[in-house]
file start.cif (mmCIF, C-alpha atoms and all ligand atoms)
data_final
#
loop_
_atom_site.group_PDB
_atom_site.id
_atom_site.type_symbol
_atom_site.label_atom_id
_atom_site.label_comp_id
_atom_site.auth_asym_id
_atom_site.auth_seq_id
_atom_site.Cartn_x
_atom_site.Cartn_y
_atom_site.Cartn_z
ATOM 1 C CA MET A 183 72.245 89.353 84.000
ATOM 2 C CA SER A 184 72.102 88.247 87.630
ATOM 3 C CA ARG A 185 73.404 90.530 90.360
ATOM 4 C CA PRO A 186 76.199 89.204 92.580
ATOM 5 C CA ILE A 187 75.371 88.469 96.203
ATOM 6 C CA VAL A 188 76.902 91.316 98.230
ATOM 7 C CA VAL A 189 78.188 90.596 101.745
ATOM 8 C CA ASP A 190 80.234 92.826 103.988
ATOM 9 C CA SER A 191 80.952 90.524 106.927
ATOM 10 C CA VAL A 192 83.316 87.589 107.207
ATOM 11 C CA ALA A 193 80.547 85.561 108.866
ATOM 12 C CA ALA A 194 78.154 86.043 105.927
ATOM 13 C CA LEU A 195 80.939 85.301 103.439
ATOM 14 C CA ARG A 196 81.695 82.027 105.197
ATOM 15 C CA VAL A 197 78.015 80.979 105.329
ATOM 16 C CA GLN A 198 77.683 81.440 101.548
ATOM 17 C CA ILE A 199 80.950 79.712 100.714
ATOM 18 C CA ARG A 200 80.118 76.814 103.054
ATOM 19 C CA ASP A 201 76.818 76.380 101.185
ATOM 20 C CA TRP A 202 78.606 76.218 97.852
ATOM 21 C CA ARG A 203 81.160 73.764 99.188
ATOM 22 C CA ARG A 204 78.418 71.514 100.537
ATOM 23 C CA GLY A 205 77.013 71.473 97.007
ATOM 24 C CA GLY A 206 80.421 70.347 95.695
ATOM 25 C CA LEU A 207 81.207 73.661 93.997
ATOM 26 C CA SER A 208 84.726 75.053 93.627
ATOM 27 C CA VAL A 209 85.527 78.694 94.385
ATOM 28 C CA ALA A 210 87.898 81.182 92.743
ATOM 29 C CA MET A 211 88.723 84.544 94.289
ATOM 30 C CA VAL A 212 89.727 87.848 92.697
ATOM 31 C CA PRO A 213 91.057 90.254 95.332
ATOM 32 C CA THR A 214 90.637 93.910 94.264
ATOM 33 C CA MET A 215 90.506 97.421 95.645
ATOM 34 C CA GLY A 216 87.529 98.267 93.414
ATOM 35 C CA ALA A 217 87.404 100.942 90.687
ATOM 36 C CA LEU A 218 87.098 97.947 88.405
ATOM 37 C CA HIS A 219 88.347 98.275 84.834
ATOM 38 C CA ASP A 220 88.794 95.867 81.928
ATOM 39 C CA GLY A 221 91.920 94.429 83.549
ATOM 40 C CA HIS A 222 89.927 93.347 86.623
ATOM 41 C CA ILE A 223 87.113 92.047 84.440
ATOM 42 C CA SER A 224 89.600 89.814 82.613
ATOM 43 C CA LEU A 225 90.593 88.384 86.016
ATOM 44 C CA VAL A 226 86.944 87.718 86.838
ATOM 45 C CA ARG A 227 86.473 85.956 83.485
ATOM 46 C CA MET A 228 89.506 83.794 84.194
ATOM 47 C CA ALA A 229 88.097 82.966 87.646
ATOM 48 C CA LEU A 230 84.773 81.965 86.073
ATOM 49 C CA ASP A 231 86.632 79.662 83.686
ATOM 50 C CA ARG A 232 88.565 78.073 86.538
ATOM 51 C CA ALA A 233 85.878 77.474 89.141
ATOM 52 C CA ASP A 234 82.138 77.068 89.660
ATOM 53 C CA ARG A 235 81.820 80.208 91.752
ATOM 54 C CA CYS A 236 83.691 83.527 91.606
ATOM 55 C CA VAL A 237 84.138 85.750 94.657
ATOM 56 C CA VAL A 238 85.465 89.276 94.114
ATOM 57 C CA SER A 239 86.665 91.201 97.139
ATOM 58 C CA ILE A 240 86.481 94.989 97.004
ATOM 59 C CA PHE A 241 88.450 96.584 99.810
ATOM 60 C CA VAL A 242 90.696 99.638 99.659
ATOM 61 C CA ASN A 243 93.270 98.285 102.068
ATOM 62 C CA PRO A 244 94.666 101.082 104.246
ATOM 63 C CA THR A 245 97.662 99.085 105.491
ATOM 64 C CA GLN A 246 99.265 99.043 102.034
ATOM 65 C CA PHE A 247 99.216 102.839 101.696
ATOM 66 C CA ALA A 248 101.950 104.973 103.273
ATOM 67 C CA PRO A 249 100.717 108.173 105.000
ATOM 68 C CA SER A 250 101.945 110.222 102.017
ATOM 69 C CA GLU A 251 100.064 108.065 99.465
ATOM 70 C CA ASP A 252 96.647 108.348 97.815
ATOM 71 C CA LEU A 253 94.409 106.372 100.254
ATOM 72 C CA ASP A 254 91.849 109.186 100.580
ATOM 73 C CA LYS A 255 91.653 110.011 96.908
ATOM 74 C CA TYR A 256 91.831 106.377 95.691
ATOM 75 C CA PRO A 257 88.753 105.981 93.409
ATOM 76 C CA ARG A 258 85.754 104.367 95.153
ATOM 77 C CA GLN A 259 82.744 103.522 92.951
ATOM 78 C CA LEU A 260 80.964 100.534 94.455
ATOM 79 C CA ALA A 261 77.670 100.897 92.528
ATOM 80 C CA ARG A 262 79.502 100.916 89.184
ATOM 81 C CA ASP A 263 81.723 98.046 90.284
ATOM 82 C CA LEU A 264 78.687 95.920 91.176
ATOM 83 C CA ASP A 265 77.093 96.671 87.782
ATOM 84 C CA LYS A 266 80.271 95.503 86.062
ATOM 85 C CA LEU A 267 80.403 92.347 88.165
ATOM 86 C CA ALA A 268 76.745 91.644 87.354
ATOM 87 C CA ALA A 269 77.451 92.044 83.644
ATOM 88 C CA THR A 270 80.416 89.663 83.894
ATOM 89 C CA GLY A 271 78.650 87.007 85.952
ATOM 90 C CA ALA A 272 80.627 87.131 89.232
ATOM 91 C CA HIS A 273 78.687 85.367 91.960
ATOM 92 C CA LEU A 274 79.631 87.249 95.103
ATOM 93 C CA ALA A 275 81.145 90.601 96.020
ATOM 94 C CA PHE A 276 82.791 90.787 99.424
ATOM 95 C CA THR A 277 82.840 94.454 100.472
ATOM 96 C CA PRO A 278 84.051 94.627 104.067
ATOM 97 C CA GLY A 279 84.607 97.925 105.864
ATOM 98 C CA VAL A 280 87.889 98.760 107.580
ATOM 99 C CA ALA A 281 86.535 97.754 111.021
ATOM 100 C CA GLU A 282 85.593 94.300 109.713
ATOM 101 C CA MET A 283 89.078 93.685 108.330
ATOM 102 C CA TYR A 284 91.044 95.443 111.060
ATOM 103 C CA PRO A 285 89.029 95.236 114.292
ATOM 104 C CA VAL A 286 90.069 97.368 117.257
ATOM 105 C CA GLY A 287 93.332 96.042 118.662
ATOM 106 C CA PHE A 288 94.460 94.473 115.371
ATOM 107 C CA ALA A 289 98.178 93.802 115.868
ATOM 108 C CA THR A 290 99.410 91.284 113.294
ATOM 109 C CA ARG A 291 101.495 91.954 110.229
ATOM 110 C CA ILE A 292 102.842 89.475 107.695
ATOM 111 C CA SER A 293 106.197 90.316 106.187
ATOM 112 C CA VAL A 294 107.358 88.315 103.169
ATOM 113 C CA GLY A 295 111.085 88.431 102.317
ATOM 114 C CA GLY A 296 112.544 87.146 99.028
ATOM 115 C CA PRO A 297 110.710 88.667 96.078
ATOM 116 C CA SER A 298 109.451 91.617 98.094
ATOM 117 C CA SER A 299 112.936 93.069 98.525
ATOM 118 C CA GLY A 300 113.989 95.939 96.271
ATOM 119 C CA LEU A 301 112.001 97.457 93.376
ATOM 120 C CA GLU A 302 108.668 98.650 94.890
ATOM 121 C CA SER A 303 109.938 98.127 98.451
ATOM 122 C CA ASP A 304 112.766 100.622 97.899
ATOM 123 C CA PHE A 305 110.128 103.304 97.387
ATOM 124 C CA ARG A 306 107.140 101.901 99.332
ATOM 125 C CA PRO A 307 108.806 100.091 102.237
ATOM 126 C CA THR A 308 105.586 98.989 103.995
ATOM 127 C CA PHE A 309 103.527 98.203 100.893
ATOM 128 C CA PHE A 310 104.061 94.451 100.664
ATOM 129 C CA ASP A 311 103.503 93.916 104.402
ATOM 130 C CA GLY A 312 100.089 95.496 103.899
ATOM 131 C CA VAL A 313 99.379 93.422 100.784
ATOM 132 C CA ALA A 314 100.560 90.132 102.343
ATOM 133 C CA THR A 315 98.560 90.739 105.517
ATOM 134 C CA VAL A 316 95.313 91.536 103.736
ATOM 135 C CA VAL A 317 95.698 88.770 101.133
ATOM 136 C CA ALA A 318 96.378 86.180 103.862
ATOM 137 C CA LYS A 319 93.277 87.387 105.700
ATOM 138 C CA LEU A 320 91.117 87.265 102.551
ATOM 139 C CA PHE A 321 92.319 83.729 101.789
ATOM 140 C CA LEU A 322 91.637 82.535 105.322
ATOM 141 C CA GLN A 323 88.220 84.194 105.277
ATOM 142 C CA ALA A 324 87.121 82.737 101.943
ATOM 143 C CA LEU A 325 89.352 79.645 101.632
ATOM 144 C CA PRO A 326 89.143 79.708 97.822
ATOM 145 C CA ASP A 327 90.575 76.907 95.658
ATOM 146 C CA CYS A 328 92.407 79.438 93.526
ATOM 147 C CA ALA A 329 92.935 83.176 93.230
ATOM 148 C CA ILE A 330 93.718 85.301 90.193
ATOM 149 C CA PHE A 331 96.211 88.189 90.247
ATOM 150 C CA GLY A 332 97.215 90.390 87.317
ATOM 151 C CA GLU A 333 100.768 90.344 85.991
ATOM 152 C CA LYS A 334 100.518 94.138 85.864
ATOM 153 C CA ASP A 335 101.540 94.090 89.557
ATOM 154 C CA TYR A 336 104.235 91.547 88.827
ATOM 155 C CA GLN A 337 106.183 91.880 92.074
ATOM 156 C CA GLN A 338 102.932 91.567 94.036
ATOM 157 C CA LEU A 339 102.149 88.340 92.155
ATOM 158 C CA CYS A 340 105.579 86.907 93.097
ATOM 159 C CA VAL A 341 105.133 87.983 96.733
ATOM 160 C CA VAL A 342 101.680 86.381 96.961
ATOM 161 C CA ARG A 343 103.040 83.135 95.490
ATOM 162 C CA ARG A 344 105.839 83.135 98.084
ATOM 163 C CA LEU A 345 103.342 83.920 100.874
ATOM 164 C CA CYS A 346 101.178 80.917 99.957
ATOM 165 C CA ARG A 347 104.130 78.552 99.683
ATOM 166 C CA ASP A 348 105.691 79.721 102.917
ATOM 167 C CA LEU A 349 102.489 79.636 104.997
ATOM 168 C CA ASP A 350 101.064 76.518 103.293
ATOM 169 C CA LEU A 351 97.953 78.439 102.287
ATOM 170 C CA PRO A 352 96.120 75.936 100.078
ATOM 171 C CA VAL A 353 95.251 78.424 97.347
ATOM 172 C CA GLU A 354 96.508 78.042 93.785
ATOM 173 C CA ILE A 355 97.779 81.421 92.558
ATOM 174 C CA ILE A 356 97.129 82.127 88.902
ATOM 175 C CA GLY A 357 98.815 85.030 87.111
ATOM 176 C CA ALA A 358 96.798 86.733 84.371
ATOM 177 C CA PRO A 359 98.295 88.693 81.444
ATOM 178 C CA THR A 360 98.112 92.483 81.653
ATOM 179 C CA VAL A 361 95.227 94.073 79.773
ATOM 180 C CA ARG A 362 96.336 97.128 77.770
ATOM 181 C CA ASP A 363 94.661 99.854 75.762
ATOM 182 C CA THR A 364 95.250 99.888 72.003
ATOM 183 C CA HIS A 365 98.418 101.965 72.587
ATOM 184 C CA GLY A 366 99.897 99.481 75.055
ATOM 185 C CA LEU A 367 99.088 101.358 78.275
ATOM 186 C CA ALA A 368 98.396 98.869 81.065
ATOM 187 C CA MET A 369 94.906 99.240 82.582
ATOM 188 C CA SER A 370 95.146 100.664 86.097
ATOM 189 C CA SER A 371 92.700 102.326 88.452
ATOM 190 C CA ARG A 372 95.267 105.112 88.790
ATOM 191 C CA ASN A 373 94.993 105.934 85.052
ATOM 192 C CA ALA A 374 91.836 107.801 86.127
ATOM 193 C CA TYR A 375 94.131 110.497 87.578
ATOM 194 C CA LEU A 376 95.791 111.221 84.206
ATOM 195 C CA SER A 377 94.947 114.177 81.961
ATOM 196 C CA GLU A 378 94.759 113.673 78.173
ATOM 197 C CA THR A 379 98.322 114.972 77.755
ATOM 198 C CA GLU A 380 99.580 112.714 80.534
ATOM 199 C CA LEU A 381 97.831 109.720 78.943
ATOM 200 C CA GLU A 382 99.801 110.326 75.753
ATOM 201 C CA ILE A 383 103.037 110.342 77.731
ATOM 202 C CA ALA A 384 101.996 107.306 79.810
ATOM 203 C CA ARG A 385 101.572 105.247 76.652
ATOM 204 C CA GLN A 386 105.316 105.406 76.035
ATOM 205 C CA LEU A 387 106.098 103.407 79.167
ATOM 206 C CA ASN A 388 105.244 100.031 77.670
ATOM 207 C CA ALA A 389 106.836 100.821 74.300
ATOM 208 C CA ILE A 390 110.127 101.799 75.986
ATOM 209 C CA LEU A 391 110.078 98.685 78.166
ATOM 210 C CA ARG A 392 109.402 96.403 75.210
ATOM 211 C CA ARG A 393 112.174 98.028 73.200
ATOM 212 C CA THR A 394 114.591 97.644 76.123
ATOM 213 C CA ALA A 395 113.610 94.015 76.772
ATOM 214 C CA THR A 396 114.197 93.159 73.130
ATOM 215 C CA ALA A 397 117.611 94.850 73.230
ATOM 216 C CA LEU A 398 118.538 92.999 76.449
ATOM 217 C CA ALA A 399 117.526 89.687 74.907
ATOM 218 C CA ALA A 400 119.664 90.533 71.887
ATOM 219 C CA GLY A 401 122.684 90.976 74.146
ATOM 220 C CA THR A 402 122.950 94.660 75.126
ATOM 221 C CA GLU A 403 124.569 95.333 78.476
ATOM 222 C CA GLU A 404 122.087 95.389 81.385
ATOM 223 C CA ALA A 405 123.138 98.497 83.319
ATOM 224 C CA SER A 406 123.483 100.768 80.294
ATOM 225 C CA SER A 407 120.191 99.503 78.790
ATOM 226 C CA THR A 408 118.173 100.196 81.931
ATOM 227 C CA VAL A 409 119.800 103.616 82.409
ATOM 228 C CA GLU A 410 119.009 104.410 78.775
ATOM 229 C CA ALA A 411 115.368 103.329 79.294
ATOM 230 C CA GLY A 412 115.124 105.679 82.294
ATOM 231 C CA ARG A 413 116.537 108.522 80.205
ATOM 232 C CA ALA A 414 114.043 107.791 77.400
ATOM 233 C CA LEU A 415 111.152 107.941 79.905
ATOM 234 C CA VAL A 416 112.247 111.347 81.195
ATOM 235 C CA GLU A 417 112.801 112.638 77.658
ATOM 236 C CA GLY A 418 109.326 111.348 76.811
ATOM 237 C CA GLY A 419 107.767 113.491 79.545
ATOM 238 C CA PHE A 420 107.872 111.468 82.781
ATOM 239 C CA GLN A 421 108.954 113.659 85.748
ATOM 240 C CA SER A 422 111.151 111.034 87.331
ATOM 241 C CA VAL A 423 111.866 107.332 87.286
ATOM 242 C CA ASP A 424 111.951 105.253 90.472
ATOM 243 C CA TYR A 425 113.484 102.240 88.758
ATOM 244 C CA VAL A 426 113.918 100.319 85.539
ATOM 245 C CA ALA A 427 115.339 96.901 86.436
ATOM 246 C CA ALA A 428 115.837 93.472 84.902
ATOM 247 C CA ARG A 429 115.135 90.550 87.237
ATOM 248 C CA GLU A 430 114.887 86.779 87.175
ATOM 249 C CA SER A 431 111.191 86.161 86.647
ATOM 250 C CA LEU A 432 110.310 83.839 89.565
ATOM 251 C CA THR A 433 112.490 84.941 92.478
ATOM 252 C CA LEU A 434 113.020 88.521 91.272
ATOM 253 C CA GLY A 435 116.709 87.966 92.042
ATOM 254 C CA PRO A 436 119.396 89.225 89.635
ATOM 255 C CA TRP A 437 118.596 88.572 85.985
ATOM 256 C CA ARG A 438 120.611 85.894 84.187
ATOM 257 C CA ARG A 439 120.496 85.569 80.438
ATOM 258 C CA ASP A 440 119.932 81.808 80.615
ATOM 259 C CA ARG A 441 116.782 82.231 82.732
ATOM 260 C CA ASN A 442 113.382 83.785 82.034
ATOM 261 C CA GLY A 443 113.575 87.460 82.814
ATOM 262 C CA ARG A 444 111.278 90.350 83.583
ATOM 263 C CA LEU A 445 111.918 94.034 83.029
ATOM 264 C CA LEU A 446 110.074 96.142 85.601
ATOM 265 C CA ALA A 447 109.665 99.907 85.931
ATOM 266 C CA ALA A 448 107.996 102.590 88.012
ATOM 267 C CA ALA A 449 107.865 106.231 86.945
ATOM 268 C CA TRP A 450 106.077 109.435 87.944
ATOM 269 C CA LEU A 451 103.777 111.414 85.728
ATOM 270 C CA GLY A 452 102.676 114.533 87.610
ATOM 271 C CA LYS A 453 101.357 113.224 90.931
ATOM 272 C CA THR A 454 100.638 109.756 89.518
ATOM 273 C CA ARG A 455 103.018 106.845 89.848
ATOM 274 C CA LEU A 456 102.760 104.245 87.087
ATOM 275 C CA ILE A 457 104.250 100.752 87.055
ATOM 276 C CA ASP A 458 104.585 98.242 84.251
ATOM 277 C CA ASN A 459 106.651 95.191 83.325
ATOM 278 C CA VAL A 460 107.370 92.998 80.324
ATOM 279 C CA GLU A 461 108.937 89.616 79.757
ATOM 280 C CA ILE A 462 112.565 89.533 78.641
ATOM 281 C CA PRO A 463 112.562 86.881 75.940
ATOM 282 C CA SER A 464 115.181 84.233 76.711
ATOM 283 C CA ALA A 465 118.258 84.283 74.526
HETATM 284 O O1 LIG A 501 96.304 94.622 93.578
HETATM 285 C C1 LIG A 501 95.478 95.100 94.375
HETATM 286 O O2 LIG A 501 94.458 95.675 93.989
HETATM 287 C C2 LIG A 501 95.741 94.994 95.866
HETATM 288 O O3 LIG A 501 97.095 95.147 96.147
HETATM 289 C C3 LIG A 501 95.179 93.703 96.511
HETATM 290 C C4 LIG A 501 95.880 92.469 95.970
HETATM 291 C C5 LIG A 501 93.700 93.615 96.249
HETATM 292 C C6 LIG A 501 95.407 93.730 98.021
HETATM 293 O O4 LIG A 501 94.760 94.817 98.618
#
call {"tool": "encode", "arguments": {"input": "start.cif", "output": "structure tokens", "more": "lines below"}}
Ligand code: PAF
result
Amino acid sequence: MSRPIVVDSVAALRVQIRDWRRGGLSVAMVPTMGALHDGHISLVRMALDRADRCVVSIFVNPTQFAPSEDLDKYPRQLARDLDKLAATGAHLAFTPGVAEMYPVGFATRISVGGPSSGLESDFRPTFFDGVATVVAKLFLQALPDCAIFGEKDYQQLCVVRRLCRDLDLPVEIIGAPTVRDTHGLAMSSRNAYLSETELEIARQLNAILRRTATALAAGTEEASSTVEAGRALVEGGFQSVDYVAARESLTLGPWRRDRNGRLLAAAWLGKTRLIDNVEIPSA
């Protein structure tokens, strides 16, 4: 088990990546905010399959948190994360501090339209600007051949794809299937906030989405099906539901039965907000 190289400056990151490139090696990147779980590890494995070298960034990005959100209490466990990366075989961990990523006077923000409108943006209006800005910076810092993002954050994946196409960032974006526990709950760093009782409730989210997606594919009416899914979540113990929505799977525009679809949801369990999504099988 070899430990990953750990660098916290852009300069050191570039020196290492330049060395690899000179040796003809390809590079895959896995951007993360740390608190690594099996979902992240599956992304690292995919990166190792795709390229000669795997860089994992660990940076809790303040610009994607609204003032009311959980930036301060977001789990930070660098030593454990590095152990997990060592066990998986990642080659480099990039762990910049806030001042390295956002130096004094930082004044640039990238705003992606298209797939970022609606859904998460209705409830977290500045979230995708923060994500797009930090992802563009990470890509320009590391210049990887490809980068792996989980389908768990499906809207984020679509936004990052749009960002790369629109800005001609030469990074292939690869979506990786969501890793779930044996009850279907999607792995998330925020699951760490849930009590045992809340975990039981949380596990219904995926089951309700799958049931609804199957019904939609079988022809049930969209509006009533998504309203019914929201009601089932609240009856199952969720405090409130931000959205349950069917969308076209690439653009996240309105869902059409003749196109691949995605059913996406966000709901609150105590103080924790959970998101998940499933494919809507085509008719
Ligand atoms: O999905 C995440 O963990 C973050 O949004 C990302 C892509 C690492 C950007 O900070």
call {"tool": "atom_distance", "arguments": {"input": "start.cif", "atom1": "atom CA of A:Met283", "atom2": "atom CA of A:Arg347"}}
result
23.0 Å
call {"tool": "residues_near_ligand", "arguments": {"input": "start.cif", "ligand": "ligand LIG 501 (chain A)", "cutoff": "6 Å", "atoms": "only C-alpha atoms and all ligand atoms", "output": "ChimeraX atom specification"}}
result
/A:213-215,243,313,317
call {"tool": "write_last_selection", "arguments": {"input": "start.cif", "atoms": "C-alpha atoms", "output": "CSV table (one decimal), in the coordinates of the input"}}
result
chain,number,residue,atom,x,y,z
A,213,PRO,CA,91.1,90.3,95.3
A,214,THR,CA,90.6,93.9,94.3
A,215,MET,CA,90.5,97.4,95.6
A,243,ASN,CA,93.3,98.3,102.1
A,313,VAL,CA,99.4,93.4,100.8
A,317,VAL,CA,95.7,88.8,101.1
call {"tool": "closest_residue", "arguments": {"input": "start.cif", "among": "A:Gln337, A:Asn459, A:Thr270, A:Ser250", "to": "A:Gly295", "atoms": "all atoms listed in the file"}}
result
A:Gln337
call {"tool": "resolve_selection", "arguments": {"input": "start.cif", "expression": "the PyMOL selection byres (((chain A and resi 413) around 12) and not hetatm)", "output": "PyMOL selection string"}}
result
chain A and resi 387+390-391+394+406-412+414-426+449
call {"tool": "residues_around", "arguments": {"input": "start.cif", "residues": "A:Asp440", "least_positions_apart": "2", "cutoff": "10 Å", "atoms": "all atoms listed in the file", "output": "JSON, numbers by chain"}}
result
{"A": [430, 437, 438, 442, 443, 464, 465]}
call {"tool": "residues_around", "arguments": {"input": "start.cif", "residues": "A:Leu456", "least_positions_apart": "4", "cutoff": "8 Å", "atoms": "all atoms listed in the file", "output": "list in words"}}
result
Arg372, Ala384, Ala448, Ala449, Trp450 and Leu451 of chain A
call {"tool": "write_last_selection", "arguments": {"input": "start.cif", "atoms": "C-alpha atoms", "output": "short mmCIF file (atom, residue, chain, number, x, y, z; two decimals), keeping the file's coordinate frame"}}
result
data_model
loop_
_atom_site.label_atom_id
_atom_site.label_comp_id
_atom_site.auth_asym_id
_atom_site.auth_seq_id
_atom_site.Cartn_x
_atom_site.Cartn_y
_atom_site.Cartn_z
CA ARG A 372 95.27 105.11 88.79
CA ALA A 384 102.00 107.31 79.81
CA ALA A 448 108.00 102.59 88.01
CA ALA A 449 107.86 106.23 86.94
CA TRP A 450 106.08 109.44 87.94
CA LEU A 451 103.78 111.41 85.73
#
call {"tool": "residues_around", "arguments": {"input": "start.cif", "residues": "A:Ala275", "least_positions_apart": "6", "cutoff": "8 Å", "atoms": "only C-alpha atoms", "output": "PyMOL selection string"}}
result
chain A and resi 186-189+237-240+264
call {"tool": "atom_distance", "arguments": {"input": "start.cif", "atom1": "atom CA of A:Ala269", "atom2": "atom CA of A:Ala233"}}
result
17.7 Å
call {"tool": "resolve_selection", "arguments": {"input": "start.cif", "expression": "the PyMOL selection byres (((chain A and resi 192) around 8) and not hetatm)", "output": "PDB file with C-alpha atoms, keeping the file's coordinate frame"}}
result
ATOM      1  CA  ASP A 190      80.234  92.826 103.988  1.00  0.00           C
ATOM      2  CA  SER A 191      80.952  90.524 106.927  1.00  0.00           C
ATOM      3  CA  ALA A 193      80.547  85.561 108.866  1.00  0.00           C
ATOM      4  CA  ALA A 194      78.154  86.043 105.927  1.00  0.00           C
ATOM      5  CA  LEU A 195      80.939  85.301 103.439  1.00  0.00           C
ATOM      6  CA  ARG A 196      81.695  82.027 105.197  1.00  0.00           C
ATOM      7  CA  PRO A 278      84.051  94.627 104.067  1.00  0.00           C
ATOM      8  CA  GLU A 282      85.593  94.300 109.713  1.00  0.00           C
ATOM      9  CA  GLN A 323      88.220  84.194 105.277  1.00  0.00           C
TER      10      GLN A 323
END
call {"tool": "resolve_selection", "arguments": {"input": "start.cif", "expression": "the PyMOL selection byres (((chain A and resi 225) around 8) and not hetatm)", "output": "list of chain:residue names"}}
result
A:Val212, A:Gly221, A:His222, A:Ile223, A:Ser224, A:Val226, A:Arg227, A:Met228, A:Ala229, A:Ile330, A:Phe331, A:Gly332, A:Ala358
